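*Asks:* Provided below: structure.txt, containing compact mmCIF, C-alpha atoms.
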```txt
# COMPACT_ATOMS: atom_id res chain seq x y z
CA TYR A 198 46.94 -35.98 -56.43
CA ALA A 199 49.06 -34.81 -53.50
CA ALA A 200 49.96 -31.62 -55.32
CA HIS A 201 46.33 -31.06 -56.25
CA THR A 202 45.06 -31.57 -52.71
CA GLY A 203 47.91 -29.80 -51.01
CA ILE A 204 49.31 -32.80 -49.19
CA ALA A 205 53.02 -32.64 -48.58
CA TYR A 206 54.95 -35.90 -48.25
CA SER A 207 58.35 -37.16 -49.16
CA ALA A 208 58.25 -38.70 -52.59
CA THR A 209 61.45 -40.63 -52.07
CA GLN A 210 61.66 -43.65 -54.25
CA ALA A 211 63.72 -46.72 -53.50
CA SER A 212 64.93 -49.31 -55.87
CA SER A 213 64.47 -53.01 -55.40
CA ALA A 214 67.19 -55.49 -56.05
CA ASP A 215 66.19 -55.77 -59.67
CA GLY A 216 66.16 -52.03 -60.08
CA ALA A 217 62.35 -51.63 -60.02
CA SER A 218 60.98 -48.77 -57.97
CA GLN A 219 58.60 -49.43 -54.97
CA GLY A 220 55.63 -47.35 -53.83
CA PRO A 221 54.92 -46.05 -50.33
CA THR A 222 54.71 -48.67 -47.46
CA VAL A 223 52.41 -48.96 -44.36
CA SER A 224 53.54 -50.34 -40.97
CA SER A 225 52.07 -53.78 -40.09
CA ALA A 226 51.62 -52.61 -36.49
CA GLU A 227 49.41 -49.77 -37.70
CA LEU A 228 47.36 -52.19 -39.79
CA LYS A 229 46.86 -54.41 -36.73
CA LYS A 230 45.67 -51.44 -34.69
CA VAL A 231 43.22 -50.55 -37.42
CA ARG A 232 41.93 -54.14 -37.53
CA LEU A 233 41.48 -54.25 -33.76
CA ARG A 234 39.56 -50.98 -33.77
CA GLU A 235 37.38 -52.40 -36.54
CA ILE A 236 36.65 -55.58 -34.51
CA GLU A 237 35.90 -53.52 -31.41
CA HIS A 238 33.51 -51.39 -33.44
CA ILE A 239 31.74 -54.51 -34.76
CA GLN A 240 31.42 -55.92 -31.20
CA GLN A 241 29.89 -52.66 -30.03
CA GLN A 242 27.41 -52.82 -32.86
CA ILE A 243 26.53 -56.45 -31.97
CA ALA A 244 26.05 -55.47 -28.32
CA VAL A 245 23.77 -52.59 -29.32
CA LEU A 246 21.71 -54.86 -31.60
CA ALA A 247 21.51 -57.59 -28.88
CA ARG A 248 20.24 -55.09 -26.30
CA TYR A 249 17.71 -53.86 -28.81
CA ALA A 250 16.55 -57.47 -29.48
CA GLY A 251 16.52 -58.40 -25.76
CA ILE A 252 19.26 -61.02 -26.09
CA ASP A 253 21.67 -61.60 -23.20
CA LEU A 254 25.04 -62.33 -24.75
CA ARG A 255 26.55 -63.20 -21.33
CA SER A 256 24.04 -65.87 -20.28
CA ASP A 257 26.08 -68.82 -21.59
CA GLY A 258 29.22 -67.42 -20.07
CA ARG A 259 27.62 -67.00 -16.67
CA THR A 260 26.23 -70.57 -16.93
CA ALA A 261 29.68 -71.92 -17.74
CA GLU A 262 31.17 -69.98 -14.84
CA GLY A 263 28.50 -71.50 -12.57
CA TYR A 264 29.32 -74.98 -13.78
CA GLN A 265 32.99 -74.37 -13.21
CA THR A 266 32.36 -73.11 -9.70
CA GLY A 267 30.10 -76.11 -8.98
CA ALA A 268 32.70 -78.52 -10.34
CA GLN A 269 35.34 -76.99 -8.10
CA GLN A 270 33.07 -77.29 -5.06
CA LEU A 271 32.17 -80.87 -6.01
CA GLN A 272 35.82 -81.81 -6.41
CA THR A 273 36.55 -80.31 -3.01
CA SER A 274 33.74 -82.39 -1.48
CA VAL A 275 35.01 -85.56 -3.18
CA ASP A 276 38.53 -84.89 -1.94
CA ASN A 277 37.25 -84.34 1.61
CA ILE A 278 35.12 -87.52 1.51
CA THR A 279 38.01 -89.58 0.14
CA ALA A 280 40.36 -88.23 2.79
CA GLU A 281 37.80 -88.92 5.54
CA PHE A 282 36.54 -92.40 4.55
CA GLY A 283 39.27 -93.81 2.33
CA ASP A 284 39.17 -95.64 -0.97
CA ASP A 285 38.10 -99.04 0.45
CA LEU A 286 34.91 -97.73 2.03
CA ILE A 287 33.97 -95.60 -0.96
CA ALA A 288 34.49 -98.49 -3.39
CA GLY A 289 32.76 -100.92 -1.04
CA VAL A 290 29.46 -99.02 -0.83
CA GLN A 291 28.83 -98.81 -4.57
CA PRO A 292 25.38 -100.25 -5.45
CA ARG A 293 25.14 -103.46 -7.50
CA PHE A 294 21.45 -104.35 -7.38
CA ASP A 295 19.96 -104.66 -10.86
CA ALA A 296 16.52 -106.21 -11.32
CA ARG A 297 17.35 -106.93 -14.97
CA LYS A 298 20.02 -109.43 -13.88
CA ILE A 299 17.78 -111.50 -11.60
CA ARG A 300 17.79 -115.23 -12.33
CA ARG A 301 15.02 -117.62 -11.20
CA PHE A 302 15.27 -121.39 -10.95
CA ASP A 303 12.13 -123.46 -10.29
CA SER A 304 12.20 -126.45 -12.67
CA CYS A 305 12.92 -129.21 -10.14
CA TRP A 306 10.39 -131.43 -11.96
CA ASN A 307 12.77 -131.55 -14.91
CA TRP A 308 15.76 -132.58 -12.80
CA ALA A 309 13.60 -135.19 -11.03
CA ARG A 310 12.93 -136.98 -14.32
CA GLN A 311 16.60 -136.82 -15.28
CA ASP A 312 17.73 -138.13 -11.88
CA ALA A 313 15.24 -141.00 -11.98
CA TYR A 314 16.31 -142.07 -15.47
CA GLU A 315 19.98 -141.74 -14.51
CA TRP A 316 19.48 -143.97 -11.46
CA ILE A 317 17.63 -146.58 -13.49
CA GLN A 318 20.23 -146.49 -16.27
CA GLN A 319 23.05 -146.91 -13.76
CA THR A 320 21.30 -149.99 -12.39
CA ILE A 321 20.76 -151.38 -15.89
CA ALA A 322 24.46 -150.85 -16.60
CA VAL A 323 25.34 -152.86 -13.49
CA CYS A 324 22.91 -155.62 -14.54
CA THR A 325 24.28 -155.92 -18.07
CA THR A 326 27.99 -155.17 -17.60
CA GLY A 327 28.62 -155.74 -13.93
CA VAL A 328 30.45 -152.41 -13.72
CA ALA A 329 28.95 -150.06 -11.17
CA SER A 330 28.77 -146.30 -11.75
CA ASP A 331 30.12 -143.86 -9.19
CA VAL A 332 27.35 -142.25 -7.15
CA ASP A 333 27.99 -139.19 -4.99
CA VAL A 334 25.14 -139.72 -2.53
CA SER A 335 23.83 -142.72 -0.67
CA ASP A 336 20.71 -144.53 -1.87
CA GLU A 337 18.74 -143.27 1.12
CA ALA A 338 19.67 -139.66 0.43
CA ARG A 339 19.02 -140.13 -3.28
CA LEU A 340 15.59 -141.60 -2.62
CA GLN A 341 14.70 -138.74 -0.26
CA GLN A 342 15.79 -136.24 -2.90
CA LEU A 343 13.62 -137.90 -5.53
CA GLN A 344 10.62 -138.06 -3.19
CA ASN A 345 11.01 -134.35 -2.45
CA ARG A 346 10.66 -133.65 -6.18
CA ALA A 347 7.98 -136.18 -7.07
CA ASP A 348 4.85 -135.17 -8.93
CA VAL A 349 2.07 -137.03 -10.76
CA GLN A 350 3.93 -136.94 -14.07
CA LEU A 351 7.04 -138.50 -12.52
CA VAL A 352 4.96 -141.30 -11.00
CA GLN A 353 3.37 -141.97 -14.39
CA MET A 354 6.79 -141.98 -16.05
CA LEU A 355 8.13 -144.51 -13.53
CA ALA A 356 5.07 -146.70 -13.99
CA GLY A 357 5.57 -146.68 -17.75
CA THR A 358 9.29 -147.39 -17.40
CA ALA A 359 8.61 -150.35 -15.10
CA LYS A 360 6.11 -151.71 -17.61
CA ILE A 361 8.59 -151.40 -20.50
CA LEU A 362 11.38 -153.10 -18.55
CA GLY A 363 9.05 -155.85 -17.39
CA ALA A 364 8.04 -156.62 -20.97
CA SER A 365 11.65 -157.28 -21.98
CA ASN A 366 11.65 -160.81 -20.42
CA ASN A 367 15.31 -160.30 -19.51
CA ASP A 368 16.04 -161.85 -16.11
CA ALA A 369 19.23 -159.82 -15.84
CA LEU A 370 17.12 -156.66 -15.62
CA GLN A 371 15.24 -157.78 -12.50
CA PRO A 372 17.25 -155.46 -10.18
CA ALA A 373 16.44 -152.52 -12.46
CA ILE A 374 12.75 -153.52 -12.58
CA GLN A 375 12.62 -153.83 -8.80
CA LEU A 376 14.34 -150.47 -8.38
CA THR A 377 11.94 -148.75 -10.80
CA GLN A 378 8.92 -150.23 -9.03
CA ALA A 379 10.33 -149.22 -5.63
CA LEU A 380 10.90 -145.67 -6.88
CA HIS A 381 7.37 -145.58 -8.27
CA ASP A 382 5.85 -146.67 -4.97
CA ALA A 383 7.99 -144.32 -2.89
CA CYS A 384 7.27 -141.30 -5.10
CA LYS A 385 3.55 -142.10 -5.21
CA ASP A 386 3.41 -142.26 -1.42
CA SER A 387 5.21 -138.92 -1.14
CA LEU A 388 2.75 -136.97 -3.30
CA ASP A 389 0.63 -136.09 -0.27
CA GLN A 390 3.67 -135.26 1.87
CA GLU A 391 5.63 -132.03 2.07
CA PRO A 392 9.30 -132.10 1.02
CA VAL A 393 11.68 -132.36 3.96
CA TYR A 394 15.32 -131.61 4.61
CA ARG A 395 17.32 -134.40 6.23
CA GLU A 396 21.06 -134.50 6.81
CA PHE A 397 22.62 -137.68 5.43
CA SER A 398 26.27 -136.81 5.87
CA LYS A 399 28.36 -138.42 8.58
CA PRO A 400 29.46 -136.59 11.75
CA MET A 401 33.11 -135.67 11.40
CA GLN A 402 35.86 -134.83 13.86
CA PRO A 403 39.01 -132.75 13.32
CA GLU A 404 42.45 -134.29 13.12
CA THR A 405 45.67 -132.28 13.09
CA HIS A 406 49.13 -133.60 12.27
CA VAL A 407 52.37 -131.69 12.72
CA GLN A 408 54.90 -132.91 10.19
CA SER A 409 58.63 -133.26 10.97
CA THR A 410 59.15 -130.21 8.76
CA GLY A 411 56.86 -128.17 10.98
CA GLU A 412 54.01 -128.17 8.49
CA VAL A 413 50.58 -128.43 10.09
CA LYS A 414 48.16 -130.68 8.20
CA TYR A 415 44.47 -130.49 9.08
CA THR A 416 41.95 -133.15 8.04
CA GLU A 417 38.55 -134.40 9.12
CA LYS A 418 37.53 -138.00 9.66
CA PRO A 419 34.30 -139.77 10.69
CA ARG A 420 33.61 -139.97 14.41
CA PRO A 421 34.13 -143.63 15.40
CA SER A 422 31.56 -143.63 18.22
CA GLU A 423 28.92 -141.53 16.44
CA ARG A 424 28.02 -143.03 13.08
CA SER A 425 24.86 -140.99 12.62
CA TRP A 426 23.64 -137.54 13.53
CA ALA A 427 21.08 -139.05 15.89
CA GLU A 428 23.93 -140.62 17.89
CA TYR A 429 25.90 -137.40 17.76
CA ILE A 430 22.94 -135.39 19.10
CA GLN A 431 22.30 -138.00 21.79
CA HIS A 432 25.87 -137.77 23.05
CA MET A 433 25.83 -133.96 22.79
CA SER A 434 22.76 -133.80 25.04
CA CYS A 435 24.43 -135.77 27.85
CA GLY A 436 26.34 -134.00 30.59
CA ASP A 437 29.34 -135.20 32.51
CA LEU A 438 29.17 -137.94 35.15
CA ASP A 439 28.90 -135.40 37.97
CA ASN A 440 25.48 -134.24 36.68
CA THR A 441 26.79 -131.03 35.14
CA PRO A 442 24.77 -129.59 32.23
CA PRO A 443 25.71 -130.55 28.68
CA LEU A 444 28.39 -128.45 27.05
CA MET A 445 25.72 -127.04 24.73
CA HIS A 446 22.54 -126.09 26.53
CA LEU A 447 19.92 -123.36 26.98
CA ARG A 448 19.43 -121.18 30.04
CA GLU A 449 16.54 -119.20 31.45
CA GLN A 450 16.49 -116.08 33.57
CA THR A 451 15.18 -116.38 37.10
CA GLU A 452 13.27 -113.73 39.02
CA SER A 453 16.53 -112.63 40.61
CA GLY A 454 18.01 -111.95 37.19
CA GLN A 455 20.40 -114.90 37.18
CA TRP A 456 20.71 -117.14 34.13
CA THR A 457 20.50 -120.82 35.04
CA TYR A 458 20.44 -124.08 33.12
CA SER A 459 16.96 -124.93 31.83
CA ASP A 460 16.29 -128.63 31.54
CA MET A 461 12.97 -127.95 29.79
CA TYR A 462 14.36 -125.63 27.10
CA SER A 463 17.50 -127.70 26.55
CA GLY A 464 15.41 -130.86 26.27
CA ALA A 465 13.12 -129.23 23.70
CA TYR A 466 16.19 -128.05 21.77
CA PHE A 467 17.78 -131.48 21.55
CA SER A 468 14.42 -133.09 20.83
CA GLY A 469 14.03 -130.77 17.86
CA LEU A 470 17.53 -131.58 16.61
CA ASN A 471 16.82 -135.29 16.91
CA SER A 472 13.55 -134.90 15.01
CA ILE A 473 15.35 -133.09 12.19
CA ALA A 474 18.04 -135.78 12.06
CA THR A 475 15.63 -138.72 12.00
CA GLN A 476 12.45 -137.41 10.35
CA GLY A 477 13.56 -134.21 8.64
CA ILE A 478 12.08 -130.73 8.64
CA SER A 479 9.89 -129.09 6.01
CA PHE A 480 10.12 -125.47 4.85
CA ALA A 481 7.21 -125.75 2.42
CA GLY A 482 5.42 -122.44 2.02
CA LYS A 483 8.27 -120.51 3.64
CA THR A 484 10.36 -117.74 2.08
CA ALA A 485 13.91 -116.83 3.03
CA LEU A 486 16.55 -114.21 2.26
CA VAL A 487 20.18 -115.35 2.41
CA THR A 488 23.03 -112.91 1.79
CA GLY A 489 26.67 -113.89 1.47
CA CYS A 490 26.12 -117.39 0.07
CA GLY A 491 29.06 -117.90 -2.26
CA ARG A 492 30.75 -121.18 -3.10
CA GLY A 493 31.93 -123.06 -0.01
CA SER A 494 30.19 -120.70 2.43
CA ILE A 495 27.85 -121.42 5.34
CA GLY A 496 25.22 -119.40 3.50
CA ALA A 497 25.34 -121.76 0.51
CA GLU A 498 24.74 -124.75 2.81
CA ILE A 499 21.74 -122.98 4.33
CA VAL A 500 20.35 -122.29 0.85
CA SER A 501 20.73 -125.98 -0.01
CA SER A 502 18.87 -127.06 3.12
CA LEU A 503 16.04 -124.58 2.61
CA LEU A 504 15.57 -125.66 -1.01
CA ALA A 505 15.53 -129.33 -0.02
CA GLY A 506 12.78 -128.52 2.47
CA GLY A 507 10.64 -126.79 -0.17
CA ALA A 508 11.32 -123.12 0.61
CA LYS A 509 11.50 -120.19 -1.78
CA VAL A 510 14.91 -118.60 -1.36
CA LEU A 511 16.28 -115.25 -2.46
CA ALA A 512 20.08 -115.55 -2.60
CA THR A 513 22.26 -112.49 -3.12
CA THR A 514 25.76 -112.34 -4.56
CA SER A 515 28.25 -109.49 -4.70
CA SER A 516 30.26 -111.19 -7.46
CA TYR A 517 27.64 -111.57 -10.16
CA SER A 518 28.93 -113.39 -13.25
CA ARG A 519 28.13 -116.31 -15.51
CA ALA A 520 30.18 -118.60 -13.27
CA THR A 521 28.15 -117.44 -10.27
CA THR A 522 24.80 -118.06 -11.94
CA LEU A 523 25.95 -121.52 -13.05
CA PHE A 524 26.94 -122.28 -9.45
CA PHE A 525 23.45 -121.38 -8.20
CA GLU A 526 21.82 -123.25 -11.08
CA ASN A 527 23.70 -126.40 -10.07
CA LEU A 528 22.79 -125.74 -6.43
CA TYR A 529 19.11 -125.75 -7.33
CA ARG A 530 19.52 -128.72 -9.63
CA THR A 531 21.03 -130.72 -6.78
CA HIS A 532 18.79 -129.64 -3.89
CA GLY A 533 15.63 -128.05 -5.32
CA SER A 534 12.38 -129.77 -4.32
CA ARG A 535 8.68 -129.58 -5.08
CA GLY A 536 7.40 -126.03 -4.59
CA SER A 537 10.87 -124.58 -4.03
CA GLU A 538 12.33 -121.68 -5.97
CA LEU A 539 15.75 -120.04 -6.05
CA VAL A 540 16.04 -116.38 -7.03
CA VAL A 541 19.55 -114.96 -7.48
CA VAL A 542 20.21 -111.22 -7.53
CA PRO A 543 23.35 -109.03 -7.49
CA PHE A 544 23.55 -107.18 -4.20
CA ASN A 545 26.05 -105.26 -2.08
CA GLN A 546 25.20 -105.32 1.61
CA GLY A 547 27.48 -102.31 2.09
CA SER A 548 25.15 -100.14 -0.01
CA VAL A 549 22.10 -98.44 1.50
CA GLN A 550 20.64 -98.04 -2.00
CA ASP A 551 20.89 -101.79 -2.56
CA ILE A 552 19.13 -102.51 0.72
CA GLU A 553 16.27 -100.21 -0.24
CA ASN A 554 15.98 -101.66 -3.74
CA LEU A 555 16.24 -105.27 -2.55
CA VAL A 556 13.51 -104.98 0.08
CA SER A 557 11.30 -103.06 -2.35
CA HIS A 558 11.73 -105.86 -4.89
CA VAL A 559 10.91 -108.55 -2.32
CA TYR A 560 7.73 -106.90 -1.07
CA GLY A 561 6.72 -105.18 -4.31
CA LYS A 562 3.45 -106.25 -5.89
CA SER A 563 4.12 -105.50 -9.56
CA GLY A 564 4.44 -108.35 -12.01
CA SER A 565 8.24 -108.15 -12.12
CA GLU A 566 8.63 -108.12 -8.32
CA LEU A 567 8.47 -111.07 -5.91
CA ASN A 568 5.61 -110.05 -3.61
CA TRP A 569 7.03 -112.25 -0.82
CA ASN A 570 6.63 -111.95 2.94
CA LEU A 571 9.92 -113.17 4.35
CA ASP A 572 9.91 -115.81 7.09
CA TYR A 573 13.68 -116.12 7.52
CA VAL A 574 16.62 -113.74 7.04
CA PHE A 575 20.22 -114.99 7.07
CA PRO A 576 22.57 -111.98 6.65
CA PHE A 577 25.87 -113.81 6.08
CA ALA A 578 27.50 -111.19 3.84
CA ALA A 579 30.82 -110.06 5.27
CA VAL A 580 34.07 -108.30 4.40
CA SER A 581 37.36 -109.63 5.72
CA ASP A 582 39.47 -107.27 7.82
CA ILE A 583 42.58 -109.23 8.70
CA GLY A 584 45.40 -107.57 10.59
CA SER A 585 43.54 -104.50 11.84
CA THR A 586 44.27 -103.47 15.40
CA LEU A 587 43.29 -100.62 17.67
CA THR A 588 46.15 -98.53 16.35
CA ASN A 589 45.64 -99.01 12.61
CA LEU A 590 41.90 -99.04 12.00
CA GLY A 591 41.38 -97.88 8.46
CA SER A 592 38.93 -97.57 5.63
CA ARG A 593 38.49 -101.34 5.24
CA SER A 594 37.71 -101.71 8.94
CA GLU A 595 34.87 -99.20 8.59
CA LEU A 596 33.58 -101.05 5.53
CA ALA A 597 33.63 -104.37 7.41
CA GLN A 598 31.67 -102.91 10.33
CA ARG A 599 29.19 -101.33 7.94
CA VAL A 600 28.54 -104.62 6.14
CA ILE A 601 28.31 -106.97 9.14
CA LEU A 602 26.71 -104.64 11.66
CA THR A 603 25.29 -101.27 10.62
CA ASN A 604 23.68 -102.38 7.37
CA VAL A 605 22.39 -105.62 8.89
CA LEU A 606 20.35 -103.45 11.25
CA ARG A 607 19.28 -101.30 8.30
CA LEU A 608 18.22 -104.40 6.38
CA LEU A 609 16.19 -105.77 9.28
CA GLY A 610 14.64 -102.38 9.92
CA ARG A 611 13.64 -101.99 6.29
CA ILE A 612 12.07 -105.46 6.30
CA LYS A 613 10.20 -104.68 9.48
CA ALA A 614 8.84 -101.48 7.96
CA ALA A 615 7.75 -103.36 4.82
CA LYS A 616 5.88 -105.92 6.91
CA GLU A 617 3.90 -103.29 8.79
```
How would this structure read if it were set down as structure tokens?

*Replies:*
Amino acid sequence: YAAHTGIAYSATQASSADGASQGPTVSSAELKKVRLREIEHIQQQIAVLARYAGIDLRSDGRTAEGYQTGAQQLQTSVDNITAEFGDDLIAGVQPRFDARKIRRFDSCWNWARQDAYEWIQQTIAVCTTGVASDVDVSDEARLQQLQNRADVQLVQMLAGTAKILGASNNDALQPAIQLTQALHDACKDSLDQEPVYREFSKPMQPETHVQSTGEVKYTEKPRPSERSWAEYIQHMSCGDLDNTPPLMHLREQTESGQWTYSDMYSGAYFSGLNSIATQGISFAGKTALVTGCGRGSIGAEIVSSLLAGGAKVLATTSSYSRATTLFFENLYRTHGSRGSELVVVPFNQGSVQDIENLVSHVYGKSGSELNWNLDYVFPFAAVSDIGSTLTNLGSRSELAQRVILTNVLRLLGRIKAAKE
């Protein structure tokens, strides 16, 4: 063929190891170049066809480049925010409110029946065995609790129980019969009365002992000269012998701008305390918001008192869990009264989003929202900031101030706006 077409080339033939001759060879680098030119040609053809069809082959690439640029800018912003505010503040403002996790407790009528039966059964056990059961509260406090929960069905149940016990003709059951009848009468009389909160604990005083080892032991013991809260309040309202005002008192501002002791206001204050201690106070028809009411907190004690007085209470918790909901369930079981309700919701007072969502849920009018008009707000949520000084204020210090100050004002402002 070469001779026929006039192509001159060297027809050198080489022998392989086995003596067989090999044909002409082509460089792999040349083949690669040919392949690349072929691919380039195909790409040019695709580009021509895409332009003809009106398809932008670079649109996805430009979109990806935009995302990459945005991600870089976002990462820069995150880095700047983290450097400015610190990890504690950023983690502490994350929202936790979730309406799907709200728990409502309002079945005090059920616990009233159980408590009444338990009291009667304890008395029957004493009558028949002579062994008394341990009771955590005094009879007076227990009776007040039962009266706070009484309804028509409970009165009917007690009447039926008294009738059954009376038909037994067992003289040993007379204390149980008398108790059941007394509970029936007391609960029947309370049907037309609002539930009230009364404090039945004993006034305590601190006592500190320093051991020989240097260990400081703190305890509390009953006040020997003040066996009731009425006595404690009476002594608290008295000044010293030289006619000085009581240690705790109220003042009023005069026309000159000076604040002076007000006998009228202080007297009204102590009169109110004495009325609460002796007669109790009702929160029936009232609604309250209490934040920061975990186990052992002041907020939890306030929730207990409000429930005992018949209020509807919205309690928030930043540590929402099964253990937390069981704690609040037991709180309502122990202190809930007729007309009261306890609503528990996860909430972070450090989050502006949570404040907005919480207030919207309280004042919202949809079927899943509360539609309440708050009468009381107790913002007890707080973040500890131990050890911070003027020279080492950090991210946690800012979080603490946000929770206990800035966002309290935000919460109150949002509630005020919702009321208007």

*Asks:* Residues near Asn568 of chain A, anyone? I mean within 12 Å using all atoms listed in the file, not counting same-chain ones fewer than 2 positions away, as a PyMOL selection string.

*Replies:* chain A and resi 484+509+511+555-566+570-571+615-616

*Asks:* Next, write the just-selected residues to a file, as a CSV table (one decimal), in the frame of the given file, keeping C-alpha atoms as the atom set.

*Replies:*
```csv
chain,number,residue,atom,x,y,z
A,484,THR,CA,10.4,-117.7,2.1
A,509,LYS,CA,11.5,-120.2,-1.8
A,511,LEU,CA,16.3,-115.2,-2.5
A,555,LEU,CA,16.2,-105.3,-2.6
A,556,VAL,CA,13.5,-105.0,0.1
A,557,SER,CA,11.3,-103.1,-2.4
A,558,HIS,CA,11.7,-105.9,-4.9
A,559,VAL,CA,10.9,-108.6,-2.3
A,560,TYR,CA,7.7,-106.9,-1.1
A,561,GLY,CA,6.7,-105.2,-4.3
A,562,LYS,CA,3.4,-106.2,-5.9
A,563,SER,CA,4.1,-105.5,-9.6
A,564,GLY,CA,4.4,-108.4,-12.0
A,565,SER,CA,8.2,-108.2,-12.1
A,566,GLU,CA,8.6,-108.1,-8.3
A,570,ASN,CA,6.6,-112.0,2.9
A,571,LEU,CA,9.9,-113.2,4.4
A,615,ALA,CA,7.8,-103.4,4.8
A,616,LYS,CA,5.9,-105.9,6.9
```

*Asks:* What's the 7 Å shell around segment 339-346 of chain A, counting only C-alpha atoms, without same-chain residues fewer than 6 positions away, as a list in words?

*Replies:*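 Near neighbours after the sequence-gap exclusion: Cys305, Trp306, Ala309, Ala383, Cys384, Ser387, Pro392, Val393, Ser534 and Arg535 of chain A.
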
*Asks:* For Leu355 of chain A, please output as a list in words all residues within 9 Å (counting only C-alpha atoms; exclusion window: fewer than 5 positions along the same chain).

*Replies:* Arg310, Ala313, Tyr314, Gln350, Lys360, Thr377, Gln378, Leu380 and His381 of chain A

*Asks:* Neighbouring residues of Glu553 of chain A were defined as those with any atom within 12 Å, considering all atoms listed in the file; residues of the same chain fewer than 6 positions away were excluded. Please report them as a PyMOL selection string.

*Replies:* chain A and resi 292-294+544-547+559-561+604+607-612+614-615

*Asks:* Can you measure atom CA of Ser304 of chain A to atom CA of Ser515 of chain A for me? One decimal in Å is fine.

*Replies:*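 Between atom CA of Ser304 of chain A and atom CA of Ser515 of chain A the gap is 24.7 Å.
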
*Asks:* Suppose you want the space between atom CA of Tyr466 of chain A and atom CA of Pro443 of chain A; what is it in Å?

*Replies:*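 Separating atom CA of Tyr466 of chain A from atom CA of Pro443 of chain A is a distance of 12.0 Å.
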
*Asks:* If you count only C-alpha atoms, which residues fall within 6 Å of Ala359 of chain A, apart from same-chain ones fewer than 3 positions away, as number ranges by chain?

*Replies:* A: 356, 362-363, 374, 377

*Asks:* So what do you get for atom CA of Ala296 of chain A versus atom CA of Thr522 of chain A, distance-wise?

*Replies:* 14.5 Å

*Asks:* Place a sphere of radius 10 Å on (25.7, -115.5, 4.7) in the file coordinates and name every protein, DNA or RNA residue with an atom inside or on its surface, counting only C-alpha atoms; give the answer as a PDB file with C-alpha atoms, in the frame of the given file.

*Replies:*
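The file below, point_28.pdb, is the result:
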```
ATOM      1  CA  LEU A 486      16.550-114.210   2.260  1.00  0.00           C
ATOM      2  CA  VAL A 487      20.180-115.350   2.410  1.00  0.00           C
ATOM      3  CA  THR A 488      23.030-112.910   1.790  1.00  0.00           C
ATOM      4  CA  GLY A 489      26.670-113.890   1.470  1.00  0.00           C
ATOM      5  CA  CYS A 490      26.120-117.390   0.070  1.00  0.00           C
ATOM      6  CA  GLY A 491      29.060-117.900  -2.260  1.00  0.00           C
ATOM      7  CA  SER A 494      30.190-120.700   2.430  1.00  0.00           C
ATOM      8  CA  ILE A 495      27.850-121.420   5.340  1.00  0.00           C
ATOM      9  CA  GLY A 496      25.220-119.400   3.500  1.00  0.00           C
ATOM     10  CA  ALA A 497      25.340-121.760   0.510  1.00  0.00           C
ATOM     11  CA  GLU A 498      24.740-124.750   2.810  1.00  0.00           C
ATOM     12  CA  ILE A 499      21.740-122.980   4.330  1.00  0.00           C
ATOM     13  CA  VAL A 500      20.350-122.290   0.850  1.00  0.00           C
ATOM     14  CA  ALA A 512      20.080-115.550  -2.600  1.00  0.00           C
ATOM     15  CA  THR A 513      22.260-112.490  -3.120  1.00  0.00           C
ATOM     16  CA  THR A 514      25.760-112.340  -4.560  1.00  0.00           C
ATOM     17  CA  VAL A 574      16.620-113.740   7.040  1.00  0.00           C
ATOM     18  CA  PHE A 575      20.220-114.990   7.070  1.00  0.00           C
ATOM     19  CA  PRO A 576      22.570-111.980   6.650  1.00  0.00           C
ATOM     20  CA  PHE A 577      25.870-113.810   6.080  1.00  0.00           C
ATOM     21  CA  ALA A 578      27.500-111.190   3.840  1.00  0.00           C
ATOM     22  CA  ALA A 579      30.820-110.060   5.270  1.00  0.00           C
ATOM     23  CA  ILE A 601      28.310-106.970   9.140  1.00  0.00           C
TER      24      ILE A 601
END
```

*Asks:* Under the rule that only C-alpha atoms are counted, which of A:Arg301, A:Ala505, A:Ser479, A:Gly411 is the nearest residue to Glu526 of chain A?

*Replies:*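 That would be A:Arg301, the residue with the smallest distance to Glu526 of chain A.
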
*Asks:* What are the centre and the three edge lengths of an axis-aligned box that wraps all atoms of segment 550-560 of chain A in the file, given that 6 Å is added to every side, written as lines of an AutoDock Vina configuration file and rounded to one decimal in Å?

*Replies:*
```
center_x = 14.3
center_y = -103.3
center_z = -2.1
size_x = 25.2
size_y = 22.5
size_z = 17.6
```

*Asks:* Kindly complete segment 403-409 of chain A to N, CA and C atoms; the output should be written as a compact mmCIF listing (two decimals), in the frame of the given file.

*Replies:*
```txt
# COMPACT_ATOMS: atom_id res chain seq x y z
N PRO A 403 37.76 -133.29 13.87
CA PRO A 403 39.01 -132.75 13.32
C PRO A 403 40.20 -133.62 13.70
N GLU A 404 41.20 -133.57 12.86
CA GLU A 404 42.45 -134.29 13.12
C GLU A 404 43.60 -133.44 12.59
N THR A 405 44.54 -133.15 13.45
CA THR A 405 45.67 -132.28 13.09
C THR A 405 46.98 -133.04 13.26
N HIS A 406 47.82 -132.97 12.23
CA HIS A 406 49.13 -133.60 12.27
C HIS A 406 50.19 -132.53 12.05
N VAL A 407 51.22 -132.58 12.88
CA VAL A 407 52.37 -131.69 12.72
C VAL A 407 53.50 -132.50 12.11
N GLN A 408 53.87 -132.17 10.89
CA GLN A 408 54.90 -132.91 10.19
C GLN A 408 56.27 -132.61 10.79
N SER A 409 57.25 -133.46 10.47
CA SER A 409 58.63 -133.26 10.97
C SER A 409 59.21 -131.95 10.44
```
